[in-house]
Amino acid sequence: MNSPIIQLLVLAGIAVFLILRLRGVLGTREGYEKPAVTRAEPDRRRKPEFDVIEGGPDLDITDHVAEDSDAAKALAAMKRVDPSFNVGEFLGGARGAYEMILMAFEKGELDGIVPYISEDVYEAFATVVDERQRQGLTIEANFIGISDMALVEAEMDETTKEAEVSVRFKSEMTSIVRDKGGDVIEGSDTEIKRQKDVWTFARKMDSGDPNWRLVATGE
């Protein structure tokens, strides 16, 4: 065998040996592999790309009234006296109180709402309820829901710490008025009655009693 051929065979054997060794170390790759991404270490000396705003508006207040309004100032004063006061939570409670008090009045069942209404409101409600009973009228009412509500006014007496908040409600209900004989003289169980009310709730903000009382009603 010629010397050049022997040299080629030797070189070929060496090449095969090296390929096998490389495959054993690196393994095999099939298909496309995404290139490795190296995360750059953040430069902690750089300033943040945003500024932290301190002392901004209280969104719990400005979500319900204009920022520079008298109502906003009154609500802020309430929070200074009672930091636990939250406008959103107050409105949630007012929604529940509206349904409870309204339905108690419609049904003439005032005893259960005495802790939540002022003496003046109780007397006004009781006068109407007593007149119904004198005439022998009964009311069957069904509350459908509140379609809209909004905080319309807020006042705070810095001296007495007495606060008042007025809320406008738009509600829907059905009601039937029956006479002594049980005949329907007004309303229908299918006719929806739409009602608008502005109720004012009051509370002494430095009191340990967290409950608000209904002190006035209007339209």
# chains A, B, ... in the order shown; residues from 1 in each chain; ligands from 1
$ closest_atom_pairs --of "range 132-187 of chain A" --to "range 61-84 of chain A" --cutoff "12 Å" --atoms "only C-alpha atoms" --output "Markdown table"
| residue | atom | partner | partner_atom | distance |
| --- | --- | --- | --- | --- |
| A:Met149 | CA | A:His64 | CA | 10.5 |
| A:Ala150 | CA | A:His64 | CA | 7.4 |
| A:Leu151 | CA | A:His64 | CA | 6.4 |
| A:Val152 | CA | A:Val65 | CA | 7.8 |
| A:Glu153 | CA | A:Ala71 | CA | 5.6 |
| A:Ala154 | CA | A:Ala71 | CA | 4.6 |
| A:Glu155 | CA | A:Ala74 | CA | 5.2 |
| A:Met156 | CA | A:Ala74 | CA | 5.2 |
| A:Asp157 | CA | A:Ala74 | CA | 8.5 |
| A:Glu158 | CA | A:Ala77 | CA | 7.7 |
| A:Thr159 | CA | A:Val81 | CA | 11.1 |
| A:Thr160 | CA | A:Val81 | CA | 11.1 |
| A:Lys161 | CA | A:Val81 | CA | 7.7 |
| A:Glu162 | CA | A:Met78 | CA | 8.9 |
| A:Ala163 | CA | A:Met78 | CA | 7.1 |
| A:Glu164 | CA | A:Ala74 | CA | 9.1 |
| A:Val165 | CA | A:Ala71 | CA | 8.7 |
| A:Ser166 | CA | A:Ala71 | CA | 10.0 |
| A:Val167 | CA | A:His64 | CA | 10.8 |
$ write_last_selection --atoms "all heavy atoms" --output "compact mmCIF listing (two decimals), in the first residue's frame"
# COMPACT_ATOMS: atom_id res chain seq x y z
N MET A 149 -76.83 56.49 42.85
CA MET A 149 -76.66 57.22 44.10
C MET A 149 -75.40 58.06 44.02
O MET A 149 -74.45 57.70 43.32
CB MET A 149 -76.60 56.26 45.30
CG MET A 149 -75.41 55.33 45.33
SD MET A 149 -75.39 54.28 46.83
CE MET A 149 -75.04 55.50 48.11
N ALA A 150 -75.41 59.19 44.70
CA ALA A 150 -74.25 60.08 44.65
C ALA A 150 -74.21 60.94 45.91
O ALA A 150 -75.24 61.30 46.46
CB ALA A 150 -74.31 60.97 43.42
N LEU A 151 -73.00 61.23 46.35
CA LEU A 151 -72.79 62.14 47.47
C LEU A 151 -72.95 63.56 46.94
O LEU A 151 -72.24 63.96 46.02
CB LEU A 151 -71.41 61.92 48.08
CG LEU A 151 -71.12 62.52 49.45
CD1 LEU A 151 -69.94 61.79 50.10
CD2 LEU A 151 -70.79 64.01 49.36
N VAL A 152 -73.88 64.32 47.49
CA VAL A 152 -74.16 65.64 46.94
C VAL A 152 -73.68 66.78 47.84
O VAL A 152 -73.48 67.91 47.38
CB VAL A 152 -75.67 65.81 46.65
CG1 VAL A 152 -76.08 64.86 45.54
CG2 VAL A 152 -76.51 65.57 47.89
N GLU A 153 -73.50 66.52 49.12
CA GLU A 153 -73.09 67.59 50.03
C GLU A 153 -72.49 67.01 51.30
O GLU A 153 -72.88 65.91 51.73
CB GLU A 153 -74.29 68.49 50.38
CG GLU A 153 -73.93 69.76 51.10
CD GLU A 153 -75.14 70.66 51.32
OE1 GLU A 153 -76.24 70.31 50.86
OE2 GLU A 153 -74.97 71.72 51.97
N ALA A 154 -71.54 67.73 51.87
CA ALA A 154 -70.94 67.31 53.14
C ALA A 154 -70.58 68.56 53.94
O ALA A 154 -70.09 69.54 53.37
CB ALA A 154 -69.71 66.45 52.91
N GLU A 155 -70.83 68.51 55.24
CA GLU A 155 -70.52 69.62 56.12
C GLU A 155 -69.90 69.08 57.41
O GLU A 155 -70.24 68.00 57.86
CB GLU A 155 -71.78 70.44 56.46
CG GLU A 155 -72.41 71.11 55.25
CD GLU A 155 -73.66 71.90 55.63
OE1 GLU A 155 -74.04 71.85 56.82
OE2 GLU A 155 -74.24 72.54 54.75
N MET A 156 -68.99 69.90 57.96
CA MET A 156 -68.31 69.48 59.19
C MET A 156 -68.14 70.69 60.09
O MET A 156 -67.56 71.71 59.68
CB MET A 156 -66.95 68.87 58.84
CG MET A 156 -66.05 68.59 60.04
SD MET A 156 -66.62 67.22 61.06
CE MET A 156 -65.29 67.14 62.26
N ASP A 157 -68.65 70.60 61.31
CA ASP A 157 -68.49 71.65 62.30
C ASP A 157 -67.21 71.35 63.08
O ASP A 157 -67.17 70.39 63.86
CB ASP A 157 -69.70 71.71 63.23
CG ASP A 157 -69.68 72.91 64.14
OD1 ASP A 157 -68.59 73.28 64.62
OD2 ASP A 157 -70.76 73.48 64.40
N GLU A 158 -66.19 72.15 62.87
CA GLU A 158 -64.89 71.90 63.51
C GLU A 158 -64.97 72.03 65.03
O GLU A 158 -64.15 71.45 65.75
CB GLU A 158 -63.85 72.88 62.96
CG GLU A 158 -63.59 72.76 61.48
CD GLU A 158 -62.62 71.64 61.15
OE1 GLU A 158 -62.23 70.90 62.08
OE2 GLU A 158 -62.26 71.50 59.98
N THR A 159 -65.94 72.79 65.53
CA THR A 159 -66.05 73.01 66.97
C THR A 159 -66.73 71.84 67.66
O THR A 159 -66.22 71.28 68.63
CB THR A 159 -66.82 74.31 67.26
OG1 THR A 159 -66.15 75.41 66.62
CG2 THR A 159 -66.90 74.55 68.76
N THR A 160 -67.90 71.47 67.15
CA THR A 160 -68.68 70.39 67.79
C THR A 160 -68.31 69.01 67.25
O THR A 160 -68.73 68.00 67.84
CB THR A 160 -70.18 70.62 67.56
OG1 THR A 160 -70.47 70.53 66.15
CG2 THR A 160 -70.60 71.99 68.08
N LYS A 161 -67.56 68.97 66.14
CA LYS A 161 -67.18 67.71 65.48
C LYS A 161 -68.41 66.97 64.89
O LYS A 161 -68.36 65.79 64.63
CB LYS A 161 -66.43 66.77 66.43
CG LYS A 161 -65.29 67.42 67.18
CD LYS A 161 -64.28 68.05 66.26
CE LYS A 161 -63.13 68.68 67.07
NZ LYS A 161 -62.23 69.48 66.22
N GLU A 162 -69.50 67.72 64.71
CA GLU A 162 -70.71 67.14 64.13
C GLU A 162 -70.60 67.20 62.61
O GLU A 162 -70.34 68.25 62.02
CB GLU A 162 -71.94 67.92 64.59
CG GLU A 162 -73.27 67.30 64.17
CD GLU A 162 -73.67 66.11 65.02
OE1 GLU A 162 -73.17 66.00 66.15
OE2 GLU A 162 -74.49 65.31 64.55
N ALA A 163 -70.81 66.05 61.97
CA ALA A 163 -70.69 65.97 60.51
C ALA A 163 -72.03 65.58 59.90
O ALA A 163 -72.80 64.83 60.49
CB ALA A 163 -69.63 64.93 60.13
N GLU A 164 -72.29 66.10 58.71
CA GLU A 164 -73.49 65.75 57.96
C GLU A 164 -73.10 65.46 56.51
O GLU A 164 -72.31 66.20 55.92
CB GLU A 164 -74.53 66.86 58.00
CG GLU A 164 -75.16 67.07 59.37
CD GLU A 164 -76.35 68.01 59.33
OE1 GLU A 164 -76.61 68.58 58.24
OE2 GLU A 164 -77.01 68.19 60.37
N VAL A 165 -73.66 64.39 55.97
CA VAL A 165 -73.41 64.02 54.58
C VAL A 165 -74.75 63.74 53.92
O VAL A 165 -75.55 62.95 54.43
CB VAL A 165 -72.51 62.77 54.47
CG1 VAL A 165 -72.25 62.43 53.01
CG2 VAL A 165 -71.19 62.98 55.20
N SER A 166 -74.99 64.39 52.79
CA SER A 166 -76.24 64.20 52.05
C SER A 166 -75.99 63.34 50.81
O SER A 166 -75.03 63.56 50.08
CB SER A 166 -76.83 65.55 51.63
OG SER A 166 -77.15 66.33 52.77
N VAL A 167 -76.87 62.38 50.60
CA VAL A 167 -76.73 61.43 49.50
C VAL A 167 -78.03 61.41 48.70
O VAL A 167 -79.13 61.36 49.27
CB VAL A 167 -76.43 60.01 50.02
CG1 VAL A 167 -76.23 59.05 48.86
CG2 VAL A 167 -75.21 60.02 50.93
$ atom_distance --atom1 "CA of Val184 in chain A" --atom2 "CA of Ala126 in chain A"
22.9 Å
$ select_by_dssp --residues "range 54-169 of chain A" --states "strand (DSSP E)" --output "PDB file with C-alpha atoms, in the first residue's frame"
ATOM      1  CA  THR A 138    -102.083  48.738  54.170  1.00  0.00           C
ATOM      2  CA  ILE A 139     -99.107  48.796  51.816  1.00  0.00           C
ATOM      3  CA  GLU A 140     -97.435  45.848  50.130  1.00  0.00           C
ATOM      4  CA  ALA A 141     -94.032  46.987  48.868  1.00  0.00           C
ATOM      5  CA  ASN A 142     -91.209  45.220  47.054  1.00  0.00           C
ATOM      6  CA  PHE A 143     -87.823  46.932  46.747  1.00  0.00           C
ATOM      7  CA  ILE A 144     -86.205  46.316  43.351  1.00  0.00           C
ATOM      8  CA  GLY A 145     -82.957  48.225  43.765  1.00  0.00           C
ATOM      9  CA  ILE A 146     -81.003  51.476  43.614  1.00  0.00           C
ATOM     10  CA  SER A 147     -80.325  52.599  40.061  1.00  0.00           C
ATOM     11  CA  ASP A 148     -78.073  55.507  41.041  1.00  0.00           C
ATOM     12  CA  MET A 149     -76.662  57.219  44.104  1.00  0.00           C
ATOM     13  CA  ALA A 150     -74.249  60.076  44.651  1.00  0.00           C
ATOM     14  CA  LEU A 151     -72.791  62.138  47.473  1.00  0.00           C
ATOM     15  CA  VAL A 152     -74.156  65.642  46.941  1.00  0.00           C
ATOM     16  CA  GLU A 153     -73.089  67.594  50.029  1.00  0.00           C
ATOM     17  CA  ALA A 154     -70.943  67.311  53.142  1.00  0.00           C
ATOM     18  CA  GLU A 155     -70.519  69.622  56.118  1.00  0.00           C
ATOM     19  CA  MET A 156     -68.310  69.480  59.189  1.00  0.00           C
ATOM     20  CA  GLU A 162     -70.707  67.145  64.131  1.00  0.00           C
ATOM     21  CA  ALA A 163     -70.688  65.966  60.515  1.00  0.00           C
ATOM     22  CA  GLU A 164     -73.486  65.747  57.962  1.00  0.00           C
ATOM     23  CA  VAL A 165     -73.407  64.020  54.576  1.00  0.00           C
ATOM     24  CA  SER A 166     -76.242  64.203  52.048  1.00  0.00           C
ATOM     25  CA  VAL A 167     -76.734  61.431  49.501  1.00  0.00           C
ATOM     26  CA  ARG A 168     -79.046  61.373  46.489  1.00  0.00           C
ATOM     27  CA  PHE A 169     -80.750  58.050  45.772  1.00  0.00           C
TER      28      PHE A 169
END
$ residues_around --residues "Ile176 in chain A" --least-positions-apart "2" --cutoff "12 Å" --atoms "only C-alpha atoms" --output "ChimeraX atom specification"
/A:106-107,137-142,173-174,178-179,182-193
